[in-house]
Each structure stands twice: as C-alpha cells, then as structure tokens.
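Shown next: upload_12.cif, given as mmCIF, C-alpha atoms and all ligand atoms.
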data_query
#
loop_
_atom_site.label_atom_id
_atom_site.label_comp_id
_atom_site.auth_asym_id
_atom_site.auth_seq_id
_atom_site.Cartn_x
_atom_site.Cartn_y
_atom_site.Cartn_z
CA MET A 1 13.04 -14.16 -10.16
CA SER A 2 15.29 -11.99 -8.09
CA TRP A 3 14.16 -8.61 -6.80
CA THR A 4 16.86 -6.19 -7.73
CA CYS A 5 15.03 -3.32 -9.34
CA HIS A 6 17.40 -0.72 -7.91
CA GLY A 7 17.82 2.76 -9.29
CA SER A 8 19.77 5.90 -8.48
CA SER A 9 16.70 8.11 -9.00
CA ASN A 10 12.94 7.63 -9.02
CA SER A 11 12.85 7.40 -12.82
CA SER A 12 15.68 4.84 -13.02
CA MET A 13 13.97 2.76 -10.29
CA VAL A 14 10.70 2.82 -12.28
CA ALA A 15 12.61 1.91 -15.45
CA ALA A 16 14.19 -1.07 -13.63
CA LEU A 17 10.75 -2.23 -12.44
CA LYS A 18 9.49 -1.99 -16.01
CA ARG A 19 12.46 -3.91 -17.42
CA ALA A 20 11.83 -6.66 -14.83
CA GLY A 21 8.24 -6.98 -16.07
CA LEU A 22 6.75 -5.75 -12.78
CA ILE A 23 5.16 -2.67 -14.36
CA HIS A 24 3.01 -3.57 -17.35
CA ASN A 25 0.71 -0.63 -17.86
CA PRO A 26 1.50 2.93 -18.93
CA GLU A 27 -0.83 4.48 -16.33
CA VAL A 28 0.95 2.56 -13.56
CA GLU A 29 4.30 3.75 -14.90
CA ALA A 30 3.01 7.34 -15.07
CA ALA A 31 1.72 7.17 -11.48
CA MET A 32 5.00 5.75 -10.16
CA LEU A 33 6.90 8.48 -12.02
CA ALA A 34 4.58 11.15 -10.58
CA VAL A 35 5.29 10.15 -6.96
CA ASP A 36 8.97 10.37 -6.03
CA ARG A 37 9.72 7.62 -3.50
CA GLY A 38 12.59 9.79 -2.23
CA LEU A 39 10.07 12.19 -0.66
CA PHE A 40 8.58 9.41 1.48
CA VAL A 41 11.71 7.73 2.85
CA PRO A 42 13.38 9.26 5.93
CA PRO A 43 16.81 10.84 5.35
CA GLY A 44 19.87 8.62 5.51
CA GLN A 45 18.24 5.66 3.80
CA SER A 46 18.17 4.42 0.22
CA PRO A 47 14.79 5.32 -1.29
CA TYR A 48 15.52 3.97 -4.78
CA GLN A 49 16.85 0.63 -3.64
CA ASP A 50 14.50 -2.32 -4.18
CA SER A 51 14.07 -3.07 -0.50
CA PRO A 52 11.85 -1.90 2.36
CA GLN A 53 13.13 1.08 4.36
CA LEU A 54 12.48 1.89 8.01
CA LEU A 55 9.90 4.59 8.79
CA GLY A 56 10.20 4.32 12.58
CA PHE A 57 7.47 3.24 15.06
CA GLY A 58 7.83 -0.37 13.86
CA ALA A 59 6.74 0.52 10.31
CA THR A 60 8.48 0.11 6.97
CA ILE A 61 7.80 1.51 3.53
CA SER A 62 7.43 -1.60 1.39
CA ALA A 63 9.92 -2.49 -1.33
CA PRO A 64 9.30 -0.96 -4.77
CA HIS A 65 8.68 -4.37 -6.37
CA MET A 66 5.88 -5.03 -3.84
CA HIS A 67 4.34 -1.63 -4.50
CA ALA A 68 4.48 -2.24 -8.26
CA ALA A 69 2.89 -5.68 -7.82
CA CYS A 70 0.06 -4.32 -5.66
CA VAL A 71 -0.63 -1.35 -7.96
CA GLU A 72 -0.76 -3.66 -10.99
CA LEU A 73 -3.15 -5.99 -9.10
CA LEU A 74 -5.51 -3.07 -8.39
CA ARG A 75 -5.03 -1.12 -11.62
CA ALA A 76 -8.16 -2.34 -13.40
CA GLN A 77 -10.34 -1.35 -10.42
CA ILE A 78 -8.72 2.09 -10.09
CA LYS A 79 -10.42 3.62 -13.08
CA PRO A 80 -10.60 7.40 -13.52
CA GLY A 81 -12.77 8.70 -10.67
CA ALA A 82 -12.42 5.55 -8.54
CA ARG A 83 -12.80 5.27 -4.76
CA VAL A 84 -9.75 3.76 -3.08
CA LEU A 85 -8.88 2.86 0.53
CA ASP A 86 -5.26 2.26 1.60
CA VAL A 87 -5.12 0.69 5.07
CA GLY A 88 -1.83 1.09 6.99
CA SER A 89 -0.80 3.90 4.67
CA GLY A 90 2.48 4.50 6.56
CA SER A 91 4.60 6.88 4.48
CA GLY A 92 1.63 7.72 2.23
CA TYR A 93 3.64 6.82 -0.89
CA LEU A 94 1.30 4.11 -2.18
CA THR A 95 -1.82 6.13 -1.32
CA LEU A 96 -0.51 8.86 -3.61
CA ILE A 97 0.12 6.42 -6.45
CA PHE A 98 -3.50 5.26 -6.10
CA ALA A 99 -4.56 8.91 -6.01
CA HIS A 100 -2.73 9.63 -9.28
CA LEU A 101 -4.52 6.73 -10.97
CA ALA A 102 -7.97 7.69 -9.63
CA ASN A 103 -7.48 11.38 -10.36
CA ARG A 104 -7.67 10.76 -14.11
CA GLY A 105 -11.42 11.39 -13.86
CA PRO A 106 -13.90 13.37 -11.76
CA GLY A 107 -15.31 12.04 -8.50
CA ALA A 108 -12.15 10.36 -7.23
CA ARG A 109 -12.01 9.65 -3.49
CA VAL A 110 -8.74 8.22 -2.16
CA VAL A 111 -8.08 7.77 1.54
CA GLY A 112 -5.11 6.41 3.49
CA VAL A 113 -5.75 5.28 7.08
CA GLU A 114 -2.77 4.92 9.42
CA HIS A 115 -2.88 4.50 13.20
CA ILE A 116 0.47 6.16 14.12
CA LYS A 117 -0.10 9.92 14.22
CA GLU A 118 3.59 10.75 13.66
CA LEU A 119 3.53 8.77 10.39
CA VAL A 120 0.33 10.51 9.28
CA ASP A 121 1.99 13.88 9.97
CA ALA A 122 5.10 12.84 8.02
CA SER A 123 2.94 11.68 5.10
CA HIS A 124 1.35 15.14 4.99
CA GLN A 125 4.78 16.77 4.93
CA SER A 126 5.90 14.52 2.05
CA THR A 127 2.74 15.30 0.13
CA ALA A 128 3.27 19.05 0.54
CA ALA A 129 5.95 18.84 -2.18
CA ILE A 130 3.51 17.42 -4.77
CA PRO A 131 1.23 20.13 -6.24
CA TRP A 132 -1.38 17.83 -7.86
CA ALA A 133 -1.78 15.94 -4.56
CA GLN A 134 -2.18 19.22 -2.69
CA GLN A 135 -4.91 20.16 -5.14
CA MET A 136 -6.65 16.81 -4.54
CA MET A 137 -6.52 17.49 -0.80
CA ARG A 138 -8.00 20.95 -1.28
CA ASP A 139 -10.78 19.35 -3.37
CA ASP A 140 -11.31 16.76 -0.61
CA ALA A 141 -10.53 14.00 -3.12
CA LEU A 142 -7.53 12.79 -1.07
CA ARG A 143 -7.24 12.28 2.68
CA LEU A 144 -4.41 10.87 4.82
CA LEU A 145 -5.99 10.16 8.19
CA LYS A 146 -5.20 8.77 11.61
CA GLY A 147 -7.47 5.85 12.33
CA ASP A 148 -7.82 2.14 12.93
CA GLY A 149 -7.60 0.37 9.60
CA TYR A 150 -9.65 -2.56 10.88
CA ALA A 151 -12.65 -0.20 10.77
CA GLY A 152 -11.97 0.84 7.16
CA PHE A 153 -13.49 4.21 6.29
CA ALA A 154 -17.28 4.01 6.17
CA GLU A 155 -17.70 7.66 5.17
CA TRP A 156 -16.33 7.08 1.65
CA ALA A 157 -17.38 3.43 1.23
CA PRO A 158 -17.99 1.48 -0.90
CA PHE A 159 -14.53 1.33 -2.47
CA ASP A 160 -13.55 0.06 -5.90
CA ALA A 161 -10.14 -0.91 -4.56
CA ILE A 162 -8.83 -1.59 -1.06
CA HIS A 163 -5.17 -2.20 -0.27
CA VAL A 164 -3.88 -3.29 3.11
CA GLY A 165 -0.18 -2.63 3.81
CA ALA A 166 0.15 -4.83 6.91
CA ALA A 167 -0.52 -8.52 7.51
CA ALA A 168 -3.88 -9.44 9.07
CA PRO A 169 -4.52 -12.78 10.79
CA ALA A 170 -7.53 -13.23 8.45
CA VAL A 171 -9.25 -11.11 5.78
CA PRO A 172 -10.93 -8.31 7.82
CA PRO A 173 -14.72 -8.69 7.31
CA VAL A 174 -15.40 -4.94 7.60
CA LEU A 175 -13.15 -4.30 4.62
CA VAL A 176 -15.02 -6.91 2.56
CA ASP A 177 -18.27 -5.14 3.50
CA GLN A 178 -16.80 -1.81 2.36
CA LEU A 179 -15.84 -3.20 -1.06
CA ALA A 180 -18.09 -2.19 -3.97
CA PRO A 181 -19.54 -4.77 -6.37
CA GLY A 182 -16.81 -5.27 -9.01
CA GLY A 183 -14.20 -4.20 -6.48
CA ARG A 184 -10.94 -5.83 -5.41
CA LEU A 185 -9.23 -6.11 -2.01
CA VAL A 186 -5.51 -6.94 -1.74
CA VAL A 187 -4.40 -7.94 1.76
CA PRO A 188 -1.46 -9.88 3.19
CA VAL A 189 -2.80 -12.60 5.49
CA GLY A 190 -0.89 -14.66 8.02
CA PRO A 191 0.81 -14.51 11.42
CA GLU A 192 3.53 -12.03 12.33
CA GLY A 193 6.83 -13.42 11.07
CA GLY A 194 5.09 -15.58 8.48
CA PRO A 195 4.07 -17.61 6.63
CA GLN A 196 1.91 -14.97 4.93
CA GLN A 197 0.11 -14.90 1.60
CA LEU A 198 -0.91 -11.89 -0.45
CA VAL A 199 -4.64 -12.59 -0.75
CA VAL A 200 -6.62 -11.07 -3.62
CA LEU A 201 -10.38 -10.93 -3.04
CA ASP A 202 -12.79 -10.00 -5.82
CA LYS A 203 -16.44 -9.07 -5.31
CA ASP A 204 -18.56 -9.62 -8.41
CA MET A 205 -21.51 -7.48 -9.47
CA ALA A 206 -23.87 -9.79 -7.56
CA GLY A 207 -21.81 -9.37 -4.39
CA ARG A 208 -20.29 -12.87 -4.55
CA VAL A 209 -16.73 -13.08 -3.28
CA SER A 210 -13.83 -15.15 -4.61
CA THR A 211 -10.23 -15.19 -3.40
CA TRP A 212 -6.83 -16.45 -4.38
CA ASN A 213 -3.30 -16.33 -3.05
CA GLU A 214 -1.09 -14.24 -5.32
CA MET A 215 2.27 -14.98 -3.65
CA GLY A 216 4.09 -15.54 -0.39
CA VAL A 217 5.05 -12.27 1.33
CA MET A 218 6.37 -10.88 4.62
CA TYR A 219 4.73 -7.76 6.06
CA VAL A 220 4.65 -6.09 9.47
CA PRO A 221 1.42 -6.98 11.33
CA LEU A 222 -1.94 -5.21 11.20
CA THR A 223 -2.25 -4.64 14.91
CA THR A 224 -3.30 -2.17 17.59
CA GLU A 225 -1.53 1.14 18.10
CA GLU A 226 -0.65 0.17 21.69
CA ALA A 227 0.88 -3.16 20.67
CA GLN A 228 2.89 -1.58 17.86
CA ARG A 229 4.23 1.29 19.99
CA GLY A 230 5.07 -1.13 22.82
CA LYS A 231 7.01 -3.42 20.51
CA ALA A 232 8.79 -0.54 18.77
CA ALA A 233 9.90 0.84 22.17
CA LEU A 234 11.17 -2.60 23.21
CA MET A 235 13.13 -2.96 19.99
CA ALA A 236 14.60 0.53 20.36
CA ALA A 237 15.70 -0.37 23.89
CA PHE A 238 17.60 -3.32 22.45
CA LYS A 239 18.72 -1.10 19.53
CA LYS A 240 17.10 -3.47 17.12
CA GLY A 241 14.46 -2.54 14.54
CA PRO A 242 12.50 -4.80 12.24
CA SER A 243 15.02 -5.93 9.66
CA PRO A 244 14.02 -4.38 6.33
CA GLY A 245 15.67 -7.26 4.51
CA ASP A 246 13.24 -9.63 6.19
CA LEU A 247 10.11 -7.71 5.32
CA ASP A 248 8.00 -7.44 2.22
CA GLY A 249 10.08 -9.97 0.38
CA CYS A 250 8.48 -12.02 -2.33
CA GLU A 251 8.91 -15.71 -2.50
CA MET A 252 9.12 -17.36 -5.83
CA GLY A 253 6.04 -18.88 -7.34
CA ARG A 254 2.36 -18.27 -7.02
CA SER A 255 -0.27 -20.44 -5.49
CA ARG A 256 -3.77 -19.99 -6.79
CA SER A 257 -6.38 -21.83 -4.83
CA PRO A 258 -8.31 -24.35 -6.90
CA GLY A 259 -11.62 -23.26 -8.31
CA ARG A 260 -10.52 -19.88 -9.51
N1 LIG B 301 2.09 0.95 2.52
C1 LIG B 301 2.86 1.53 3.57
C2 LIG B 301 3.17 0.40 4.53
C3 LIG B 301 3.62 0.81 5.86
S1 LIG B 301 3.98 -0.57 6.95
C4 LIG B 301 4.10 2.14 3.00
O1 LIG B 301 4.63 1.56 2.06
O2 LIG B 301 4.56 3.17 3.47
C5 LIG B 301 2.36 -0.94 7.56
C6 LIG B 301 1.70 0.19 8.25
O3 LIG B 301 0.48 -0.29 8.81
C7 LIG B 301 2.49 0.80 9.38
O4 LIG B 301 2.66 2.16 9.12
C8 LIG B 301 1.61 0.57 10.61
O5 LIG B 301 1.69 1.63 11.53
C9 LIG B 301 0.23 0.45 9.98
N2 LIG B 301 -0.77 -0.27 10.75
C10 LIG B 301 -0.66 -1.45 11.41
N3 LIG B 301 -1.83 -1.79 11.99
C11 LIG B 301 -2.72 -0.80 11.70
C12 LIG B 301 -4.09 -0.58 12.01
N4 LIG B 301 -4.81 -1.44 12.76
N5 LIG B 301 -4.68 0.54 11.54
C13 LIG B 301 -3.99 1.45 10.78
N6 LIG B 301 -2.68 1.29 10.48
C14 LIG B 301 -2.05 0.17 10.91
#
Output the file's structure in the form of structure tokens.
Amino acid sequence: MSWTCHGSSNSSMVAALKRAGLIHNPEVEAAMLAVDRGLFVPPGQSPYQDSPQLLGFGATISAPHMHAACVELLRAQIKPGARVLDVGSGSGYLTLIFAHLANRGPGARVVGVEHIKELVDASHQSTAAIPWAQQMMRDDALRLLKGDGYAGFAEWAPFDAIHVGAAAPAVPPVLVDQLAPGGRLVVPVGPEGGPQQLVVLDKDMAGRVSTWNEMGVMYVPLTTEEAQRGKAALMAAFKKGPSPGDLDGCEMGRSRSPGR
C-alpha cells in the first residue's frame, strides 16, 4: 500500500484517508473533520499532504495516515467520557482528535504531555481557534502540558487509552502502570533511526498484559529535553533538520507476535 492520502483541504485529506481504508469508523472521521490539521502545522508547509511536517525543536507532526492508524487502534478504548493520555503531544493535533472522541460523554479527561515549552505554547495557540476544545479546557476536561512523558500523568491516571508520539527504547513501565484495566497503549519502540515497531499493548480486566507489533514505523525519539534541544541546535548549525520524508513512514506488512 502506498501512502498518498493527500488533500487540498482538511476535508479532502480526510476523504482520501477514508477512500484508502485508513479511516473505518464514523466517529473517527467526525473527529478528524473537527480538528483542522492546517491549524497545527507551521506556516509555509503543506498541512494536508500525507507526510510529516517540521514543527521545529527536532519535532515533527506525524503524517495523516499514521494519525488515522493510531486513532483507529485506540478508538474502541476512547468511549464517550474516556480518559486519554497523549505523550509527546507536539503540535497538539492528535490530542485534540482524542479529545473530540472522548468528549462525546461526561467525565472525559484528555491530557497531552510535551517536554518542549515552545511547542506546548504553540499547541495552545492552535487550540484557541477551536471553540469546543476551548470549552473542554475551561471545564478542565482537556490539558496540554509541559512535562516529561516518561512520567505519564499520575493525576488523571488510570487511562483508558495512552498514545506515545515518539519512539521509546522499550515500552515505558510507568505508562503500563497508568493504563486502566481494559485499556490500550500504542507506542513506537526501537532505536533512533530504526528499526522501530508500533507496539500495541492491551491490559485485560484482570490486569494481564499482552502485546503485538502492528507495523514497522519511523518516529523521532522519546528522549530528554536537553538531548533534543542539543541535537536540534546542532542540526540547525548544519542547516539540516530531521527529514520529514524519513519519519513516520509505514512499512508494508504487519508482524503480529505469536500467541496473540
Ligand atoms: N503526535 C505529535 C508528535 C510530535 S513528534 C504530533 O503529531 O504533533 C514527538 C514529540 O515528542 C516531539 O514534540 C518531542 O518534543 C516530544 N518528546 C520527545 N521526548 C519526550 C519526553 N520525554 N516527554 C515529552 N515529550 C517528548
């Protein structure tokens, strides 16, 4: 399968994702229509193209096909009123899609945790243009916070769904602890530069955990703020950013570990 779900507007991008079979469910479609990707991509880039775009500070907003895949993977856990954690929330785009899904019922708690303050500030500015998200923030049902994603967000745990937007060397144990029974964690795992797998971890009602690899992926690393800023400064000095074309790509095929 090739990943060419381009559009010239948010709605045509969502329609292309649907035609490609990447969006299956009407509530996912509605959420992706309710959050205009154009608000979350810095000026001068191509928000409706099916590729990652640079956010600065060594971060990228993932490609639309990856967002669609991750939202579909977590959809069943993000019931009306769900609790959701988005680690490495970057632009805030995906956090808002999760928020739209959870906000279908009372009691929703959706939090994005991002360690670069400038990106957190930008995500607040993007969100200012979306009235329902502003209302969720006023109700304290939605937060976009500066913090270390490795620590999760104990205050609102346990979560029905946890998404990690950067590749960890291994599944972070704290995030597994913060997952509710019946919950699902989606996290890219592997070294910087690959190979990485999108790992899906389910916790059953008895607290037992099972995992499988959904597909090969390429994400920026889950790291420390110091390391990320240092590397971004080095790349800027050489006038070289992470290449969006090399990030968040999907390889063909899926590998499910035996026993699941
Ligand atoms: N889902 C986001 C992805 C952004 S890229 C989006 O589509 O906009 C991954 C993000 O993870 C970057 O913004 C990076 O700054 C952040 N990140 C990396 N390590 C982190 C950590 N330990 N804690 C919090 N955020 C982290």
**Residues within 7 Å of ligand LIG 301 (chain B), counting only C-alpha atoms and all ligand atoms, as JSON, numbers by chain** = {"A": [57, 58, 59, 60, 61, 62, 87, 88, 89, 90, 91, 92, 93, 94, 113, 114, 115, 116, 119, 147, 148, 149, 150, 165, 166, 220, 221, 222, 223, 224, 225]}
**Prompt:** Taking into account only C-alpha atoms, which residue in the set A:Pro169, A:Pro195, A:Gly56, A:Gly81 is nearest to Met235 (chain A)?
**Reply:** A:Gly56
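Among the candidates A:Asp86, A:Asp50, A:Asp121, A:Asp140, the one nearest to Ala68 (chain A) when counting all atoms listed in the file is A:Asp50.
CA of Ala31 (chain A) is found 7.7 Å from CA of Phe98 (chain A).
Put simply, CA of Ala236 (chain A) is 22.2 Å away from CA of Pro47 (chain A).
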**Item:** Neighbour list for Leu73 (chain A) as a list in words, cut-off 10 Å, only C-alpha atoms, skip fewer than 2 positions in-chain
**Value:**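 Surrounding residues, per the criterion: His67, Ala68, Ala69, Cys70, Val71, Arg75, Ala76, Gln77, Ile78, Ala161, His163, Arg184, Leu185, Val186, Val200 and Glu214 of chain A.
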**Complete:** Counting all atoms listed in the file, closest pick from A:Met66, A:Met32, A:Leu55, A:Ala168 relative to Met215 (chain A) is A:Met66
**Asked** Nearest to Pro158 (chain A): which of A:Ala82, A:Glu226, A:Ala170, A:Thr211 is it, counting all atoms listed in the file?
**Response**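 With all atoms listed in the file as the atom set, the closest residue is A:Ala82.
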**Request:** Considering all atoms listed in the file, state which residue in the set A:Ile130, A:Ala122, A:Ile162, A:Leu17 is at the smallest distance from Lys146 (chain A).
**Result:**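 Comparing A:Ile130, A:Ala122, A:Ile162, A:Leu17 against Lys146 (chain A), the winner is A:Ala122.
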**Prompt:** Which one of A:Ala154, A:Val110, A:Ala63, A:Ala102 sits closest to Glu27 (chain A) if you count all atoms listed in the file?
**Reply:**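 Among the listed residues, the smallest separation from Glu27 (chain A) belongs to A:Ala102.
Going from CA of Thr4 (chain A) over to CA of Gln125 (chain A), you cover 28.9 Å.
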**Request:** Excluding Ser210 (chain A) and any residue of its chain fewer than 4 positions from it, enumerate the residues within 7 Å of it, using all atoms listed in the file, and give them as number ranges by chain.
**Result:** A: 201-203
Just-selected residues, C-alpha atoms written as a short mmCIF file (atom, residue, chain, number, x, y, z; two decimals), in the frame of the given file:
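Writing done, so here's again_24.cif:
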data_model
loop_
_atom_site.label_atom_id
_atom_site.label_comp_id
_atom_site.auth_asym_id
_atom_site.auth_seq_id
_atom_site.Cartn_x
_atom_site.Cartn_y
_atom_site.Cartn_z
CA LEU A 201 -10.38 -10.93 -3.04
CA ASP A 202 -12.79 -10.00 -5.82
CA LYS A 203 -16.44 -9.07 -5.31
#
With all atoms of region 60-73 of chain A from the file as input, state the centre and edge lengths in Å to one decimal of the axis-aligned box that has 6 Å extra on each side, as AutoDock Vina command-line options.
--center_x 3.4 --center_y -2.2 --center_z -2.0 --size_x 25.1 --size_y 19.5 --size_z 30.0
**Request:** Write out as a ChimeraX atom specification the residues lying within 10 Å of Met205 (chain A), counting only C-alpha atoms and excluding same-chain residues fewer than 2 positions away.
**Result:** /A:180-183,202-203,207-209
